[in-house]
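K.L.:
Attaching a single structure in structure tokens format; questions to follow.
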Amino acid sequence: MCTRVLYVGQDDLVITGRSMDWMIPTGSNIWALPAGLTRDGAAARNSFSWTSAHGSVVSTMYDGVTVDGVNDAGLGANALYLSAAEYPKRDPAVPGLSVAAWTQYALDTFSSVAEAVEELMNPPFGLVSPVLPGGHAATGHLALSDATGDSAIFEYLDGELVVHHGAEFAVMTNDPTYDQQLAL
């Protein structure tokens, strides 16, 4: 089971750690990506596009899915598998963003968790969930942290976005849904 942990210590120390426990080899690589890259949401038709405002260093699965990273503003992002994730029904008129690019979009676009929460409450795209190697649906939740120690967890459940925002949301695993993780 993957786990993401946020530690906030003395003297503005902020550390985010993550374990990667996946059932098949992921072909992980680390990439350094500059600002100014033109991006495609990999949604097949009517794909969302953007230009990266921030440079980032990322870890990928299958050499194309950004699962972890940090950008030049100090925003960190971690995507973990969540079997219960259910994205809204795709409206073909709205540009699509593959959930495989969700983490990279956050790193490319935002300087802080608060900025990300504000925009992602009403995103300019609809999420699309491809099938991963091994036949698993690309369903997950996204954790963001920043240099101030702020944190947010984003989950789509029953087609609705649920956000847990605050420094107290410091630990996340794959399953169950985050509200159930908090109850445990």
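Labels for the structure tokens follow display order: chains A, B, ..., residues from 1 in each chain, ligands from 1.
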Skip Thr38 of chain A itself and residues of its chain fewer than 2 positions away, then list as a ChimeraX atom specification all residues within 10 Å of it, counting only C-alpha atoms.

P.N.:
/A:35-36,40,49-53

K.L.:
Determine, counting only C-alpha atoms, which protein, DNA and RNA residues have an atom within 9 Å of an atom of Phe48 of chain A; residues of the same chain fewer than 6 positions away are not included. Present the result as number ranges by chain.

P.N.:
A: 39-42, 94-98, 124-126

K.L.:
Go ahead and write the selection's residues with N, CA and C atoms as a tab-separated table (two decimals), in the first residue's frame.

P.N.:
```
chain	number	residue	atom	x	y	z
A	39	ARG	N	1.78	21.60	-22.97
A	39	ARG	CA	1.29	20.31	-22.49
A	39	ARG	C	-0.02	19.93	-23.15
A	40	ASP	N	-0.25	18.62	-23.19
A	40	ASP	CA	-1.49	18.05	-23.73
A	40	ASP	C	-2.08	17.14	-22.66
A	41	GLY	N	-3.37	17.22	-22.46
A	41	GLY	CA	-4.04	16.44	-21.43
A	41	GLY	C	-4.23	14.97	-21.72
A	42	ALA	N	-3.76	14.49	-22.86
A	42	ALA	CA	-3.80	13.06	-23.21
A	42	ALA	C	-5.19	12.45	-23.07
A	94	VAL	N	-16.35	19.69	-23.04
A	94	VAL	CA	-15.37	20.23	-22.09
A	94	VAL	C	-14.03	19.55	-22.35
A	95	PRO	N	-12.95	20.31	-22.48
A	95	PRO	CA	-11.64	19.68	-22.71
A	95	PRO	C	-11.33	18.65	-21.63
A	96	GLY	N	-10.73	17.54	-22.04
A	96	GLY	CA	-10.43	16.46	-21.12
A	96	GLY	C	-8.98	16.45	-20.68
A	97	LEU	N	-8.76	16.05	-19.42
A	97	LEU	CA	-7.43	15.86	-18.87
A	97	LEU	C	-7.36	14.46	-18.31
A	98	SER	N	-6.44	13.66	-18.82
A	98	SER	CA	-6.25	12.32	-18.29
A	98	SER	C	-5.84	12.42	-16.83
A	124	PRO	N	-10.92	23.77	-15.24
A	124	PRO	CA	-11.22	24.10	-16.62
A	124	PRO	C	-11.21	22.86	-17.53
A	125	PHE	N	-11.32	21.69	-16.96
A	125	PHE	CA	-11.25	20.43	-17.70
A	125	PHE	C	-12.13	19.40	-17.01
A	126	GLY	N	-12.39	18.30	-17.73
A	126	GLY	CA	-13.01	17.13	-17.15
A	126	GLY	C	-11.97	16.02	-17.10
```

K.L.:
Find the spatial neighbours of Ser111 of chain A, counting only C-alpha atoms, within a cut-off of 12 Å - ignore same-chain residues fewer than 5 positions away - and output them as a list in words.

P.N.:
Ser52, Ala53, His54, Gly55, Ser56, Val70, Asn71, Asp72, Ala73, Gly74, Leu75, Gly76, Ala77, Tyr105, Ala106, Ala116, Val117, Glu118, Glu119, Leu144, Ser145, Asp146, Ala147, Thr148 and Asp150 of chain A

K.L.:
Set the distance at 12 Å and use only C-alpha atoms: which residues neighbour Glu86 of chain A once local chain neighbours fewer than 5 positions away are removed? I'd like the list as a list in words.

P.N.:
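Residues meeting the cut-off are Tyr81, Val99, Leu127, Val128, Ser129, Ala137, Ala138, Thr139, Gly140, His141, Glu155, Tyr156, Leu157, Asp158, Gly159, Glu160, Leu161, Val162 and Thr177 of chain A.
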
K.L.:
Store the residues picked out above in a file with C-alpha atoms, as a tab-separated table (two decimals), in the first residue's frame.

P.N.:
```tsv
chain	number	residue	atom	x	y	z
A	81	TYR	CA	-4.27	4.80	-6.35
A	99	VAL	CA	-5.99	11.53	-14.59
A	127	LEU	CA	-10.93	14.22	-15.86
A	128	VAL	CA	-10.62	11.14	-18.04
A	129	SER	CA	-9.56	7.77	-16.62
A	137	ALA	CA	-8.31	1.65	-14.05
A	138	ALA	CA	-6.30	4.84	-13.51
A	139	THR	CA	-8.24	5.95	-10.47
A	140	GLY	CA	-6.60	7.89	-7.72
A	141	HIS	CA	-6.56	10.75	-5.32
A	155	GLU	CA	-10.79	12.83	-4.34
A	156	TYR	CA	-13.59	12.31	-6.82
A	157	LEU	CA	-16.27	10.15	-5.18
A	158	ASP	CA	-19.58	9.38	-6.90
A	159	GLY	CA	-18.64	11.97	-9.55
A	160	GLU	CA	-18.18	14.80	-7.02
A	161	LEU	CA	-14.94	16.44	-5.92
A	162	VAL	CA	-14.21	16.15	-2.20
A	177	THR	CA	-11.51	6.91	0.86
```

K.L.:
DSSP on the backbone: which residues in segment 36-168 of chain A end up as strand (DSSP E)? Give the answer as an NGL selection string.

P.N.:
:A and (38-40 or 49-51 or 56-61 or 65-71 or 76-81 or 96-98 or 126-128 or 140-145 or 151-157 or 160-165)

K.L.:
Once DSSP has gone over the backbone, tell me which residues of segment 70-154 of chain A are in alpha helix (DSSP H), as a tab-separated table (two decimals) with C-alpha atoms, in the first residue's frame.

P.N.:
```tsv
chain	number	residue	atom	x	y	z
A	99	VAL	CA	-5.99	11.53	-14.59
A	100	ALA	CA	-2.47	10.43	-15.57
A	101	ALA	CA	-1.65	14.14	-16.18
A	102	TRP	CA	-3.52	15.57	-13.16
A	103	THR	CA	-0.40	15.63	-10.95
A	104	GLN	CA	1.73	17.26	-13.65
A	105	TYR	CA	-0.96	19.89	-14.29
A	106	ALA	CA	-0.89	20.84	-10.59
A	107	LEU	CA	2.92	21.08	-10.57
A	108	ASP	CA	2.98	23.07	-13.81
A	109	THR	CA	0.27	25.50	-12.74
A	113	VAL	CA	-1.93	24.56	-2.06
A	114	ALA	CA	-4.42	27.40	-1.50
A	115	GLU	CA	-4.10	28.48	-5.15
A	116	ALA	CA	-4.66	24.89	-6.31
A	117	VAL	CA	-7.72	24.40	-4.09
A	118	GLU	CA	-9.27	27.61	-5.39
A	119	GLU	CA	-8.95	26.62	-9.08
A	120	LEU	CA	-9.51	22.88	-8.81
```
